[in-house]
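A.B. asks: Below is the file coords-v6.pdb, with PDB, C-alpha atoms.
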```pdb
MODEL        1
ATOM      1  CA  MET A   1       0.000   0.000   0.000
ATOM      2  CA  SER A   2       1.390   3.416  -0.868
ATOM      3  CA  TRP A   3       1.312   6.371   1.489
ATOM      4  CA  TRP A   4      -1.060   8.703  -0.344
ATOM      5  CA  PRO A   5      -4.291   6.669   0.020
ATOM      6  CA  LEU A   6      -3.402   6.084   3.649
ATOM      7  CA  LEU A   7      -2.998   9.808   4.300
ATOM      8  CA  ALA A   8      -6.124  10.571   2.263
ATOM      9  CA  LEU A   9      -8.036   8.136   4.457
ATOM     10  CA  ALA A  10      -6.628   9.795   7.582
ATOM     11  CA  ALA A  11      -7.650  13.252   6.332
ATOM     12  CA  GLY A  12     -11.112  12.054   5.327
ATOM     13  CA  ALA A  13     -11.735  10.195   8.574
ATOM     14  CA  TYR A  14     -10.689  13.207  10.667
ATOM     15  CA  ALA A  15     -12.741  15.605   8.524
ATOM     16  CA  LEU A  16     -15.846  13.473   9.119
ATOM     17  CA  LYS A  17     -15.283  13.552  12.894
ATOM     18  CA  VAL A  18     -14.794  17.336  12.865
ATOM     19  CA  VAL A  19     -17.851  17.909  10.656
ATOM     20  CA  GLY A  20     -20.042  16.147  13.205
ATOM     21  CA  LEU A  21     -18.594  17.487  16.431
ATOM     22  CA  VAL A  22     -17.586  21.020  15.455
ATOM     23  CA  VAL A  23     -19.642  21.984  12.376
ATOM     24  CA  LEU A  24     -23.016  20.222  12.426
ATOM     25  CA  GLY A  25     -23.336  19.373  16.112
ATOM     26  CA  PRO A  26     -23.470  22.905  17.533
ATOM     27  CA  ARG A  27     -26.121  23.838  14.924
ATOM     28  CA  ALA A  28     -28.397  20.939  15.882
ATOM     29  CA  THR A  29     -30.260  22.719  18.658
ATOM     30  CA  ASP A  30     -33.679  21.278  17.779
ATOM     31  CA  GLY A  31     -34.770  18.937  20.557
ATOM     32  CA  ARG A  32     -35.879  16.225  18.172
ATOM     33  CA  ALA A  33     -32.596  16.271  16.217
ATOM     34  CA  LEU A  34     -30.697  15.843  19.461
ATOM     35  CA  ARG A  35     -32.893  12.957  20.572
ATOM     36  CA  LEU A  36     -32.307  11.292  17.204
ATOM     37  CA  ALA A  37     -28.553  11.778  17.581
ATOM     38  CA  ALA A  38     -28.656  10.386  21.117
ATOM     39  CA  LEU A  39     -30.324   7.228  19.782
ATOM     40  CA  LEU A  40     -27.586   6.617  17.198
ATOM     41  CA  PRO A  41     -25.430   4.243  19.254
ATOM     42  CA  ALA A  42     -28.532   2.134  19.909
ATOM     43  CA  ALA A  43     -29.135   1.783  16.158
ATOM     44  CA  LEU A  44     -25.515   1.529  14.979
ATOM     45  CA  LEU A  45     -23.945  -0.871  17.501
ATOM     46  CA  PRO A  46     -26.347  -3.740  16.659
ATOM     47  CA  ALA A  47     -25.851  -2.983  12.952
ATOM     48  CA  LEU A  48     -22.087  -3.288  13.429
ATOM     49  CA  VAL A  49     -22.634  -6.568  15.246
ATOM     50  CA  VAL A  50     -24.769  -7.915  12.400
ATOM     51  CA  VAL A  51     -22.375  -6.832   9.642
ATOM     52  CA  ASN A  52     -19.276  -8.100  11.447
ATOM     53  CA  THR A  53     -20.929 -11.411  12.279
ATOM     54  CA  LEU A  54     -22.906 -12.272   9.152
ATOM     55  CA  GLY A  55     -21.325 -10.062   6.514
ATOM     56  CA  GLY A  56     -19.509 -11.699   3.634
ATOM     57  CA  ASP A  57     -18.581 -10.352   0.230
ATOM     58  CA  ARG A  58     -22.036  -8.956  -0.627
ATOM     59  CA  ARG A  59     -23.764 -11.937   0.919
ATOM     60  CA  ILE A  60     -24.918 -13.187   4.273
ATOM     61  CA  VAL A  61     -22.565 -15.839   5.645
ATOM     62  CA  VAL A  62     -23.292 -18.002   8.674
ATOM     63  CA  ASP A  63     -19.944 -19.350   9.860
ATOM     64  CA  ALA A  64     -17.953 -19.841  13.059
ATOM     65  CA  ARG A  65     -18.399 -16.165  13.963
ATOM     66  CA  ALA A  66     -22.147 -16.709  14.352
ATOM     67  CA  ALA A  67     -21.524 -19.427  16.955
ATOM     68  CA  GLY A  68     -19.256 -17.109  18.920
ATOM     69  CA  LEU A  69     -21.755 -14.262  18.786
ATOM     70  CA  ALA A  70     -24.611 -16.542  19.804
ATOM     71  CA  VAL A  71     -22.653 -17.349  22.957
ATOM     72  CA  ALA A  72     -21.918 -13.655  23.544
ATOM     73  CA  VAL A  73     -25.577 -12.695  23.196
ATOM     74  CA  ALA A  74     -26.655 -15.596  25.437
ATOM     75  CA  LEU A  75     -24.186 -14.519  28.138
ATOM     76  CA  VAL A  76     -25.317 -10.885  27.990
ATOM     77  CA  ALA A  77     -29.028 -11.674  27.845
ATOM     78  CA  GLY A  78     -28.806 -14.441  30.452
ATOM     79  CA  SER A  79     -27.053 -12.139  32.917
ATOM     80  CA  LYS A  80     -29.420  -9.243  32.135
ATOM     81  CA  GLY A  81     -26.468  -7.241  30.821
ATOM     82  CA  ARG A  82     -24.239  -7.862  33.833
ATOM     83  CA  ALA A  83     -21.795 -10.311  32.235
ATOM     84  CA  PRO A  84     -18.271  -8.804  32.361
ATOM     85  CA  PHE A  85     -16.897  -7.397  29.121
ATOM     86  CA  VAL A  86     -13.821  -9.608  29.163
ATOM     87  CA  LEU A  87     -15.804 -12.795  29.739
ATOM     88  CA  VAL A  88     -18.143 -12.070  26.811
ATOM     89  CA  VAL A  89     -15.345 -11.166  24.414
ATOM     90  CA  VAL A  90     -13.119 -14.100  25.371
ATOM     91  CA  ALA A  91     -16.010 -16.584  25.231
ATOM     92  CA  ALA A  92     -16.999 -15.376  21.763
ATOM     93  CA  ALA A  93     -13.421 -15.655  20.490
ATOM     94  CA  ALA A  94     -12.880 -19.074  22.093
ATOM     95  CA  VAL A  95     -16.089 -20.561  20.705
ATOM     96  CA  THR A  96     -15.367 -19.150  17.252
ATOM     97  CA  ALA A  97     -11.827 -20.516  17.320
ATOM     98  CA  LEU A  98     -13.092 -23.898  18.519
ATOM     99  CA  VAL A  99     -15.757 -24.157  15.828
ATOM    100  CA  ARG A 100     -13.166 -23.172  13.213
ATOM    101  CA  ALA A 101     -10.648 -25.699  14.472
ATOM    102  CA  THR A 102     -13.147 -28.560  14.499
ATOM    103  CA  GLY A 103     -15.308 -27.473  11.541
TER
ATOM    104  CA  MET B   1      -9.624  16.599  50.543
ATOM    105  CA  THR B   2     -10.104  20.054  49.059
ATOM    106  CA  PRO B   3     -13.262  20.932  47.124
ATOM    107  CA  GLU B   4     -11.069  20.959  44.001
ATOM    108  CA  ALA B   5     -10.275  17.271  44.367
ATOM    109  CA  PRO B   6     -13.290  16.013  42.399
ATOM    110  CA  THR B   7     -12.037  17.838  39.306
ATOM    111  CA  GLN B   8      -9.343  15.153  39.041
ATOM    112  CA  TYR B   9     -10.383  12.826  36.237
ATOM    113  CA  GLY B  10     -10.642   9.644  38.271
ATOM    114  CA  ALA B  11     -12.309  11.260  41.245
ATOM    115  CA  VAL B  12     -15.422  12.254  39.344
ATOM    116  CA  LEU B  13     -15.844   8.963  37.498
ATOM    117  CA  PRO B  14     -17.925   6.313  39.272
ATOM    118  CA  THR B  15     -15.800   3.240  40.029
ATOM    119  CA  PRO B  16     -17.717   0.912  37.659
ATOM    120  CA  VAL B  17     -17.119   3.378  34.815
ATOM    121  CA  ARG B  18     -13.431   3.659  35.631
ATOM    122  CA  ARG B  19     -13.134  -0.116  35.682
ATOM    123  CA  ALA B  20     -15.047  -0.402  32.395
ATOM    124  CA  VAL B  21     -12.683   2.126  30.782
ATOM    125  CA  TRP B  22      -9.653  -0.005  31.725
ATOM    126  CA  VAL B  23     -11.216  -3.297  30.688
ATOM    127  CA  LEU B  24     -12.317  -1.815  27.385
ATOM    128  CA  GLY B  25      -8.792  -0.523  26.804
ATOM    129  CA  LEU B  26      -7.279  -3.942  27.436
ATOM    130  CA  ALA B  27      -9.692  -5.577  25.005
ATOM    131  CA  ILE B  28      -8.972  -2.848  22.453
ATOM    132  CA  SER B  29      -5.255  -3.608  22.711
ATOM    133  CA  VAL B  30      -6.018  -7.148  21.527
ATOM    134  CA  PHE B  31      -8.090  -5.782  18.622
ATOM    135  CA  GLY B  32      -5.203  -3.405  17.887
ATOM    136  CA  MET B  33      -2.801  -6.332  17.813
ATOM    137  CA  SER B  34      -4.966  -8.230  15.372
ATOM    138  CA  PHE B  35      -5.126  -5.089  13.224
ATOM    139  CA  GLY B  36      -1.327  -4.825  13.309
ATOM    140  CA  VAL B  37      -0.956  -8.459  12.239
ATOM    141  CA  LEU B  38      -3.582  -8.157   9.505
ATOM    142  CA  ALA B  39      -2.135  -4.893   8.185
ATOM    143  CA  THR B  40       1.417  -6.181   7.865
ATOM    144  CA  THR B  41       0.329  -9.482   6.330
ATOM    145  CA  ALA B  42      -1.755  -7.453   3.833
ATOM    146  CA  GLY B  43       1.426  -5.708   2.732
ATOM    147  CA  LEU B  44       1.564  -2.547   4.833
ATOM    148  CA  THR B  45       4.910  -1.665   6.379
ATOM    149  CA  VAL B  46       5.174  -1.353  10.167
ATOM    150  CA  PRO B  47       5.304   2.493  10.004
ATOM    151  CA  GLN B  48       2.239   2.480   7.749
ATOM    152  CA  ALA B  49       0.244   0.289  10.135
ATOM    153  CA  VAL B  50       1.247   2.487  13.082
ATOM    154  CA  VAL B  51       0.515   5.773  11.303
ATOM    155  CA  MET B  52      -2.840   4.427  10.143
ATOM    156  CA  SER B  53      -3.882   3.627  13.710
ATOM    157  CA  LEU B  54      -2.659   6.996  14.989
ATOM    158  CA  LEU B  55      -4.215   9.166  12.285
ATOM    159  CA  VAL B  56      -7.209   7.239  10.949
ATOM    160  CA  PHE B  57      -8.132   5.896  14.394
ATOM    161  CA  THR B  58     -11.442   4.242  13.648
ATOM    162  CA  GLY B  59     -11.086   0.489  13.838
ATOM    163  CA  ALA B  60     -13.813  -0.775  11.542
ATOM    164  CA  SER B  61     -12.631   1.515   8.716
ATOM    165  CA  GLN B  62      -9.038   0.413   9.166
ATOM    166  CA  PHE B  63      -9.982  -3.262   9.045
ATOM    167  CA  ALA B  64     -12.123  -2.588   5.960
ATOM    168  CA  ALA B  65      -9.359  -0.710   4.120
ATOM    169  CA  VAL B  66      -6.742  -3.330   4.905
ATOM    170  CA  SER B  67      -8.916  -6.281   3.954
ATOM    171  CA  VAL B  68      -9.733  -4.693   0.580
ATOM    172  CA  VAL B  69      -5.994  -4.203   0.018
ATOM    173  CA  GLU B  70      -5.324  -7.802   1.044
ATOM    174  CA  ALA B  71      -8.001  -9.092  -1.334
ATOM    175  CA  GLY B  72      -6.261  -7.203  -4.142
ATOM    176  CA  GLY B  73      -9.033  -4.628  -4.523
ATOM    177  CA  SER B  74      -8.442  -1.153  -5.909
ATOM    178  CA  MET B  75      -7.305   1.759  -3.732
ATOM    179  CA  GLY B  76     -10.507   3.538  -4.692
ATOM    180  CA  SER B  77     -12.726   0.835  -3.243
ATOM    181  CA  ALA B  78     -10.515   0.504  -0.176
ATOM    182  CA  LEU B  79     -10.854   4.245   0.467
ATOM    183  CA  GLY B  80     -14.535   4.267  -0.406
ATOM    184  CA  SER B  81     -15.641   1.548   1.967
ATOM    185  CA  ALA B  82     -13.382   2.825   4.751
ATOM    186  CA  LEU B  83     -14.767   6.366   4.452
ATOM    187  CA  LEU B  84     -18.355   5.108   4.285
ATOM    188  CA  LEU B  85     -17.746   3.285   7.556
ATOM    189  CA  ALA B  86     -16.084   6.372   9.019
ATOM    190  CA  ALA B  87     -19.093   8.546   8.176
ATOM    191  CA  ARG B  88     -20.911   7.324  11.268
ATOM    192  CA  ASN B  89     -18.353   9.185  13.353
ATOM    193  CA  ALA B  90     -19.860  12.419  11.980
ATOM    194  CA  ALA B  91     -23.201  11.329  13.425
ATOM    195  CA  TYR B  92     -21.513  10.427  16.722
ATOM    196  CA  GLY B  93     -19.996  13.914  16.703
ATOM    197  CA  VAL B  94     -23.481  15.412  16.556
ATOM    198  CA  ALA B  95     -24.470  13.201  19.500
ATOM    199  CA  MET B  96     -21.430  14.323  21.520
ATOM    200  CA  ALA B  97     -21.651  18.029  20.602
ATOM    201  CA  PRO B  98     -24.013  19.006  23.467
ATOM    202  CA  THR B  99     -21.534  17.490  25.938
ATOM    203  CA  LEU B 100     -18.339  18.953  24.468
ATOM    204  CA  GLY B 101     -19.782  22.084  22.838
ATOM    205  CA  LYS B 102     -18.708  24.553  25.524
ATOM    206  CA  LEU B 103     -15.023  23.612  25.335
ATOM    207  CA  PRO B 104     -12.530  25.791  23.443
ATOM    208  CA  LEU B 105     -12.168  24.983  19.756
ATOM    209  CA  ALA B 106      -8.675  23.527  20.152
ATOM    210  CA  LYS B 107      -9.932  21.054  22.722
ATOM    211  CA  ARG B 108     -12.886  20.084  20.552
ATOM    212  CA  LEU B 109     -10.563  19.562  17.560
ATOM    213  CA  LEU B 110      -8.462  17.282  19.756
ATOM    214  CA  GLY B 111     -11.503  15.431  21.079
ATOM    215  CA  ALA B 112     -12.834  14.973  17.535
ATOM    216  CA  GLN B 113     -10.073  12.449  16.819
ATOM    217  CA  VAL B 114     -11.485  10.089  19.476
ATOM    218  CA  VAL B 115     -15.185  10.436  18.543
ATOM    219  CA  ILE B 116     -15.747   6.783  17.633
ATOM    220  CA  ASP B 117     -18.050   3.882  18.556
ATOM    221  CA  GLU B 118     -16.498   3.091  21.919
ATOM    222  CA  THR B 119     -16.214   6.631  23.280
ATOM    223  CA  THR B 120     -19.705   7.624  22.162
ATOM    224  CA  ALA B 121     -21.254   4.402  23.459
ATOM    225  CA  MET B 122     -19.532   4.683  26.856
ATOM    226  CA  ALA B 123     -20.179   8.421  27.258
ATOM    227  CA  THR B 124     -23.818   8.504  26.194
ATOM    228  CA  ALA B 125     -24.540   5.608  28.564
ATOM    229  CA  GLN B 126     -23.826   8.133  31.364
ATOM    230  CA  PRO B 127     -26.136  10.973  32.392
ATOM    231  CA  GLU B 128     -25.569  14.263  30.538
ATOM    232  CA  GLY B 129     -23.146  16.608  32.258
ATOM    233  CA  ARG B 130     -19.751  16.347  33.854
ATOM    234  CA  VAL B 131     -19.710  12.556  34.284
ATOM    235  CA  ARG B 132     -20.537  12.080  30.612
ATOM    236  CA  GLU B 133     -17.763  14.473  29.579
ATOM    237  CA  ARG B 134     -15.216  12.779  31.855
ATOM    238  CA  THR B 135     -16.278   9.375  30.593
ATOM    239  CA  PHE B 136     -15.718  10.563  27.027
ATOM    240  CA  TRP B 137     -12.178  11.795  27.708
ATOM    241  CA  ALA B 138     -11.201   8.826  29.866
ATOM    242  CA  THR B 139     -12.491   6.339  27.286
ATOM    243  CA  GLY B 140     -10.857   8.297  24.476
ATOM    244  CA  LEU B 141      -7.494   8.310  26.213
ATOM    245  CA  SER B 142      -7.696   4.617  27.110
ATOM    246  CA  VAL B 143      -8.845   3.455  23.690
ATOM    247  CA  PHE B 144      -6.318   5.663  21.851
ATOM    248  CA  ALA B 145      -3.402   4.467  23.975
ATOM    249  CA  PHE B 146      -4.294   0.778  23.897
ATOM    250  CA  TRP B 147      -5.313   0.662  20.226
ATOM    251  CA  ASN B 148      -2.029   2.210  19.130
ATOM    252  CA  ALA B 149       0.121   0.163  21.502
ATOM    253  CA  GLY B 150      -1.650  -2.977  20.277
ATOM    254  CA  THR B 151      -1.146  -2.021  16.636
ATOM    255  CA  LEU B 152       2.585  -1.491  17.178
ATOM    256  CA  LEU B 153       2.959  -4.848  18.957
ATOM    257  CA  GLY B 154       0.919  -6.699  16.345
ATOM    258  CA  ALA B 155       2.763  -5.090  13.437
ATOM    259  CA  LEU B 156       6.169  -5.902  14.958
ATOM    260  CA  ALA B 157       5.281  -9.430  16.009
ATOM    261  CA  GLY B 158       3.399 -10.163  12.801
ATOM    262  CA  ASP B 159       3.144 -13.847  12.074
ATOM    263  CA  ALA B 160       4.598 -14.793  15.475
ATOM    264  CA  ILE B 161       1.188 -14.030  17.011
ATOM    265  CA  GLY B 162      -0.490 -16.374  14.581
ATOM    266  CA  ASP B 163      -3.578 -15.980  12.457
ATOM    267  CA  PRO B 164      -6.025 -13.659  14.281
ATOM    268  CA  GLU B 165      -8.924 -15.583  12.729
ATOM    269  CA  ALA B 166      -7.684 -18.911  14.074
ATOM    270  CA  LEU B 167      -7.913 -17.311  17.525
ATOM    271  CA  GLY B 168     -11.478 -16.175  16.821
ATOM    272  CA  LEU B 169     -10.540 -12.511  17.177
ATOM    273  CA  ASP B 170     -12.808 -11.481  14.320
ATOM    274  CA  ALA B 171     -15.732 -12.558  16.517
ATOM    275  CA  ALA B 172     -14.346 -10.811  19.605
ATOM    276  CA  PHE B 173     -14.806  -7.446  17.890
ATOM    277  CA  PRO B 174     -18.616  -7.692  17.386
ATOM    278  CA  ALA B 175     -18.971  -9.413  20.782
ATOM    279  CA  GLY B 176     -17.500  -6.289  22.356
ATOM    280  CA  PHE B 177     -20.117  -4.201  20.557
ATOM    281  CA  VAL B 178     -22.849  -6.414  22.062
ATOM    282  CA  VAL B 179     -21.684  -5.440  25.549
ATOM    283  CA  LEU B 180     -21.339  -1.760  24.612
ATOM    284  CA  ALA B 181     -24.901  -1.783  23.266
ATOM    285  CA  VAL B 182     -26.447  -2.977  26.548
ATOM    286  CA  PRO B 183     -26.868   0.418  28.294
ATOM    287  CA  HIS B 184     -28.554   1.749  25.152
ATOM    288  CA  LEU B 185     -31.215  -0.951  25.203
ATOM    289  CA  ARG B 186     -32.645  -0.101  28.632
ATOM    290  CA  ARG B 187     -35.303   2.209  27.190
ATOM    291  CA  ARG B 188     -37.908   1.091  24.726
ATOM    292  CA  GLU B 189     -36.891   3.684  22.114
ATOM    293  CA  GLY B 190     -33.364   2.264  22.225
ATOM    294  CA  ARG B 191     -34.600  -1.279  21.725
ATOM    295  CA  VAL B 192     -36.746  -0.233  18.755
ATOM    296  CA  ALA B 193     -33.824   1.676  17.204
ATOM    297  CA  ALA B 194     -31.554  -1.344  17.784
ATOM    298  CA  ALA B 195     -33.932  -3.796  16.144
ATOM    299  CA  ALA B 196     -34.525  -1.450  13.206
ATOM    300  CA  GLY B 197     -30.797  -0.769  12.768
ATOM    301  CA  ALA B 198     -29.931  -4.461  12.850
ATOM    302  CA  LEU B 199     -32.660  -5.345  10.329
ATOM    303  CA  ILE B 200     -31.672  -2.545   7.924
ATOM    304  CA  ALA B 201     -28.029  -3.651   8.033
ATOM    305  CA  LEU B 202     -28.947  -7.306   7.527
ATOM    306  CA  ALA B 203     -31.202  -6.535   4.572
ATOM    307  CA  LEU B 204     -28.549  -4.403   2.876
ATOM    308  CA  ILE B 205     -25.550  -6.750   3.279
ATOM    309  CA  PRO B 206     -26.243  -8.519  -0.048
ATOM    310  CA  LEU B 207     -27.345  -5.328  -1.830
ATOM    311  CA  ALA B 208     -24.852  -2.607  -0.983
ATOM    312  CA  PRO B 209     -21.075  -2.222  -0.852
ATOM    313  CA  ALA B 210     -19.303  -2.526   2.505
ATOM    314  CA  GLY B 211     -20.008   0.454   4.709
ATOM    315  CA  LEU B 212     -23.417   1.383   3.306
ATOM    316  CA  PRO B 213     -25.426  -1.119   5.419
ATOM    317  CA  ILE B 214     -23.993   0.549   8.533
ATOM    318  CA  ILE B 215     -24.706   4.096   7.336
ATOM    319  CA  ALA B 216     -28.257   3.145   6.366
ATOM    320  CA  ALA B 217     -28.781   1.541   9.783
ATOM    321  CA  SER B 218     -28.650   5.003  11.349
ATOM    322  CA  LEU B 219     -32.198   5.409   9.975
ATOM    323  CA  GLY B 220     -33.141   2.962  12.726
ATOM    324  CA  VAL B 221     -33.342   5.967  15.057
ATOM    325  CA  VAL B 222     -36.478   7.162  13.223
ATOM    326  CA  PRO B 223     -38.797   4.295  14.235
ATOM    327  CA  GLY B 224     -37.133   4.487  17.652
ATOM    328  CA  LEU B 225     -38.260   8.073  18.088
ATOM    329  CA  LEU B 226     -41.667   7.641  16.410
ATOM    330  CA  PHE B 227     -42.378   4.808  18.782
ATOM    331  CA  THR B 228     -41.770   6.910  21.872
ATOM    332  CA  ALA B 229     -43.554   9.923  20.373
ATOM    333  CA  ARG B 230     -46.680   7.787  20.090
ATOM    334  CA  GLU B 231     -46.190   6.582  23.653
ATOM    335  CA  ASP B 232     -45.972  10.142  24.942
ATOM    336  CA  ARG B 233     -49.333  11.129  23.522
TER
ENDMDL
END
```
Take the structure in the file and give it back as structure tokens.
C.D. replies:
Amino acid sequence: MSWWPLLALAAGAYALKVVGLVVLGPRATDGRALRLAALLPAALLPALVVVNTLGGDRRIVVDARAAGLAVAVALVAGSKGRAPFVLVVVAAAAVTALVRATG
Amino acid sequence: MTPEAPTQYGAVLPTPVRRAVWVLGLAISVFGMSFGVLATTAGLTVPQAVVMSLLVFTGASQFAAVSVVEAGGSMGSALGSALLLAARNAAYGVAMAPTLGKLPLAKRLLGAQVVIDETTAMATAQPEGRVRERTFWATGLSVFAFWNAGTLLGALAGDAIGDPEALGLDAAFPAGFVVLAVPHLRRREGRVAAAAGALIALALIPLAPAGLPIIAASLGVVPGLLFTAREDR
């Protein structure tokens, strides 16, 4: 990989962060806009989970990752959200690795 | 103890939050290591992997860019999908603006670099005000330090660490997001937004290039808000 696309990506990624926090954010004073923005992590985190678990090259793939995530979700739901971060992450990785090794 | 003492970062953060910030950082260092390994095996040099983590500093975009490079895709598509993924940080910036808006511009420009999934998720899980602001900075510092240290280690160690996928690390990343999502699912509007976001992303995986399903999932906030608006009436 050459340096210019890397630096272009860095500039673009930082510009996007600044646009939200410094340019658009202070202008969004409407109560509803702010409530929508506050809900974003709720909408985006599960979407990231879905894409990182089931996403393939333009297709839905159910593989070892899904087994690991099923365990993670079961731990979190079963403990009513109290399962420790490390336990959930390690269990998901271990189960995925195990399924891959045996599959 | 003077009255000034609580302005120390740690003093104002509730202990569970402080602990969560450390634990998150440690997990992030492992993700950083797997990024370092992946980046160097995809053909990036060690300085390139390190500079990417320092300057781009948004994990999902970095993984996306590097995996397109590894698959032999064009630079254009690597940049495109990485920037599409990074666009959600603009939305997170809007969410964090009420908390950080009163700070001097220089401090906001510094904070902007760490407006990402983890910092926004941790901060907005706290009540608005000083604790939320402190949580943002503490998480930002922790995640920035551990992500970059992990990247450096992973890039230097390279193959010695082994294949990150054989260790299941690609599943550890979304599993971490499951835990981060929990505080946002306590209210009904959050649960509706979560379900809508997940469904939108799932439906678009086969239809849209990498990055777009995530951007489109931000529309999940609309049914989330409509739902509560109806409840309020």
A.B. asks: Mind checking which residues fall within 10 Å of range 74-83 of chain A, counting only C-alpha atoms, ignoring those fewer than 3 positions away in the same chain, and posting them as a list in words?
C.D. replies: Gly68, Leu69, Ala70, Val71, Val86, Leu87, Val88, Ala91 and Ala92 of chain A; Ala175, Val178, Val179, Leu180, Ala181, Val182, Pro183, Leu185 and Arg186 of chain B
A.B. asks: Can I get the selection written as a short mmCIF file (atom, residue, chain, number, x, y, z; two decimals), in the frame of the given file, with C-alpha atoms?
C.D. replies:
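Listed below is the output, result-v7.cif:
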```cif
data_model
loop_
_atom_site.label_atom_id
_atom_site.label_comp_id
_atom_site.auth_asym_id
_atom_site.auth_seq_id
_atom_site.Cartn_x
_atom_site.Cartn_y
_atom_site.Cartn_z
CA GLY A 68 -19.26 -17.11 18.92
CA LEU A 69 -21.76 -14.26 18.79
CA ALA A 70 -24.61 -16.54 19.80
CA VAL A 71 -22.65 -17.35 22.96
CA VAL A 86 -13.82 -9.61 29.16
CA LEU A 87 -15.80 -12.80 29.74
CA VAL A 88 -18.14 -12.07 26.81
CA ALA A 91 -16.01 -16.58 25.23
CA ALA A 92 -17.00 -15.38 21.76
CA ALA B 175 -18.97 -9.41 20.78
CA VAL B 178 -22.85 -6.41 22.06
CA VAL B 179 -21.68 -5.44 25.55
CA LEU B 180 -21.34 -1.76 24.61
CA ALA B 181 -24.90 -1.78 23.27
CA VAL B 182 -26.45 -2.98 26.55
CA PRO B 183 -26.87 0.42 28.29
CA LEU B 185 -31.22 -0.95 25.20
CA ARG B 186 -32.65 -0.10 28.63
#
```
A.B. asks: Please write the residues picked by the PyMOL selection byres ((chain A and resi 64) around 12) on this file as a PyMOL selection string.
C.D. replies: (chain A and resi 52-54+61-63+65-71+92-103) or (chain B and resi 165-172)
A.B. asks: Pull out every residue of chain B that has at least one atom within 6 Å of chain A, counting all atoms listed in the file, and report them as a ChimeraX atom specification.
C.D. replies: /B:44,55-56,86-87,89-91,93-95,97,112,121,166-169,171-172,174-177,181,184,190,193-194,197-198,201,205-206,214,218,220-221
A.B. asks: May I ask for the distance between CA of Leu141 in chain B and CA of Leu85 in chain B, given in Å to one decimal place?
C.D. replies: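 So the two atoms, CA of Leu141 in chain B and CA of Leu85 in chain B, lie 21.9 Å apart.
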A.B. asks: Kindly resolve the PyMOL selection byres ((chain B and resi 150) around 12) on the present coordinates and return the residues as number ranges by chain.
C.D. replies: B: 25-37, 49-50, 53-54, 59, 142-149, 151-158, 161
A.B. asks: Return the padded bounding box of range 70-86 of chain A as lines of an AutoDock Vina configuration file: axis-aligned, built from all atoms listed in the file, 5 Å added on each side, with centre and edge lengths in Å to one decimal.
C.D. replies:
```
center_x = -21.6
center_y = -12.3
center_z = 26.8
size_x = 25.6
size_y = 20.1
size_z = 24.0
```
A.B. asks: How far is it from CA of Thr15 in chain B to CA of Leu103 in chain B, in Å with one decimal?
C.D. replies: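 The value is 25.1 Å.
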A.B. asks: For a test of reading the model, state the distance in Å between CA of Ile116 in chain B and CA of Ala60 in chain B, rounded to one decimal.
C.D. replies: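 These atoms are spaced 9.9 Å apart.
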A.B. asks: Just checking: using all atoms listed in the file, which residue out of B:Ala208, B:Met122, B:Ala216, B:Val222 ends up closest to Arg19 in chain B?
C.D. replies: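 Among the listed residues, B:Met122 lies closest to Arg19 in chain B.
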A.B. asks: Using the chain letters and numbers from the file, which residues does the PyMOL selection byres ((chain B and resi 80-82) around 8) grab, as a VMD selection string?
C.D. replies: (chain A and resid 9) or (chain B and resid 60 to 62 64 to 65 76 to 79 83 to 86 209 to 212)
A.B. asks: Using C-alpha atoms, can you write the selected residues to a file as an mmCIF file, keeping the file's coordinate frame?
C.D. replies:
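After the write, part-v8.cif holds the following:
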```
data_model
loop_
_atom_site.group_PDB
_atom_site.id
_atom_site.type_symbol
_atom_site.label_atom_id
_atom_site.label_comp_id
_atom_site.auth_asym_id
_atom_site.auth_seq_id
_atom_site.Cartn_x
_atom_site.Cartn_y
_atom_site.Cartn_z
ATOM 1 C CA LEU A 9 -8.036 8.136 4.457
ATOM 2 C CA ALA B 60 -13.813 -0.775 11.542
ATOM 3 C CA SER B 61 -12.631 1.515 8.716
ATOM 4 C CA GLN B 62 -9.038 0.413 9.166
ATOM 5 C CA ALA B 64 -12.123 -2.588 5.960
ATOM 6 C CA ALA B 65 -9.359 -0.710 4.120
ATOM 7 C CA GLY B 76 -10.507 3.538 -4.692
ATOM 8 C CA SER B 77 -12.726 0.835 -3.243
ATOM 9 C CA ALA B 78 -10.515 0.504 -0.176
ATOM 10 C CA LEU B 79 -10.854 4.245 0.467
ATOM 11 C CA LEU B 83 -14.767 6.366 4.452
ATOM 12 C CA LEU B 84 -18.355 5.108 4.285
ATOM 13 C CA LEU B 85 -17.746 3.285 7.556
ATOM 14 C CA ALA B 86 -16.084 6.372 9.019
ATOM 15 C CA PRO B 209 -21.075 -2.222 -0.852
ATOM 16 C CA ALA B 210 -19.303 -2.526 2.505
ATOM 17 C CA GLY B 211 -20.008 0.454 4.709
ATOM 18 C CA LEU B 212 -23.417 1.383 3.306
#
```
A.B. asks: Do a neighbour search on Thr135 in chain B at 8 Å with only C-alpha atoms, toss out local chain neighbours closer than 2 positions, and write the hits as a PDB file with C-alpha atoms, in the coordinates of the input.
C.D. replies:
```pdb
ATOM      1  CA  LEU B  13     -15.844   8.963  37.498  1.00  0.00           C
ATOM      2  CA  VAL B  17     -17.119   3.378  34.815  1.00  0.00           C
ATOM      3  CA  THR B 119     -16.214   6.631  23.280  1.00  0.00           C
ATOM      4  CA  MET B 122     -19.532   4.683  26.856  1.00  0.00           C
ATOM      5  CA  ALA B 123     -20.179   8.421  27.258  1.00  0.00           C
ATOM      6  CA  GLN B 126     -23.826   8.133  31.364  1.00  0.00           C
ATOM      7  CA  VAL B 131     -19.710  12.556  34.284  1.00  0.00           C
ATOM      8  CA  ARG B 132     -20.537  12.080  30.612  1.00  0.00           C
ATOM      9  CA  GLU B 133     -17.763  14.473  29.579  1.00  0.00           C
ATOM     10  CA  TRP B 137     -12.178  11.795  27.708  1.00  0.00           C
ATOM     11  CA  ALA B 138     -11.201   8.826  29.866  1.00  0.00           C
ATOM     12  CA  THR B 139     -12.491   6.339  27.286  1.00  0.00           C
TER      13      THR B 139
END
```
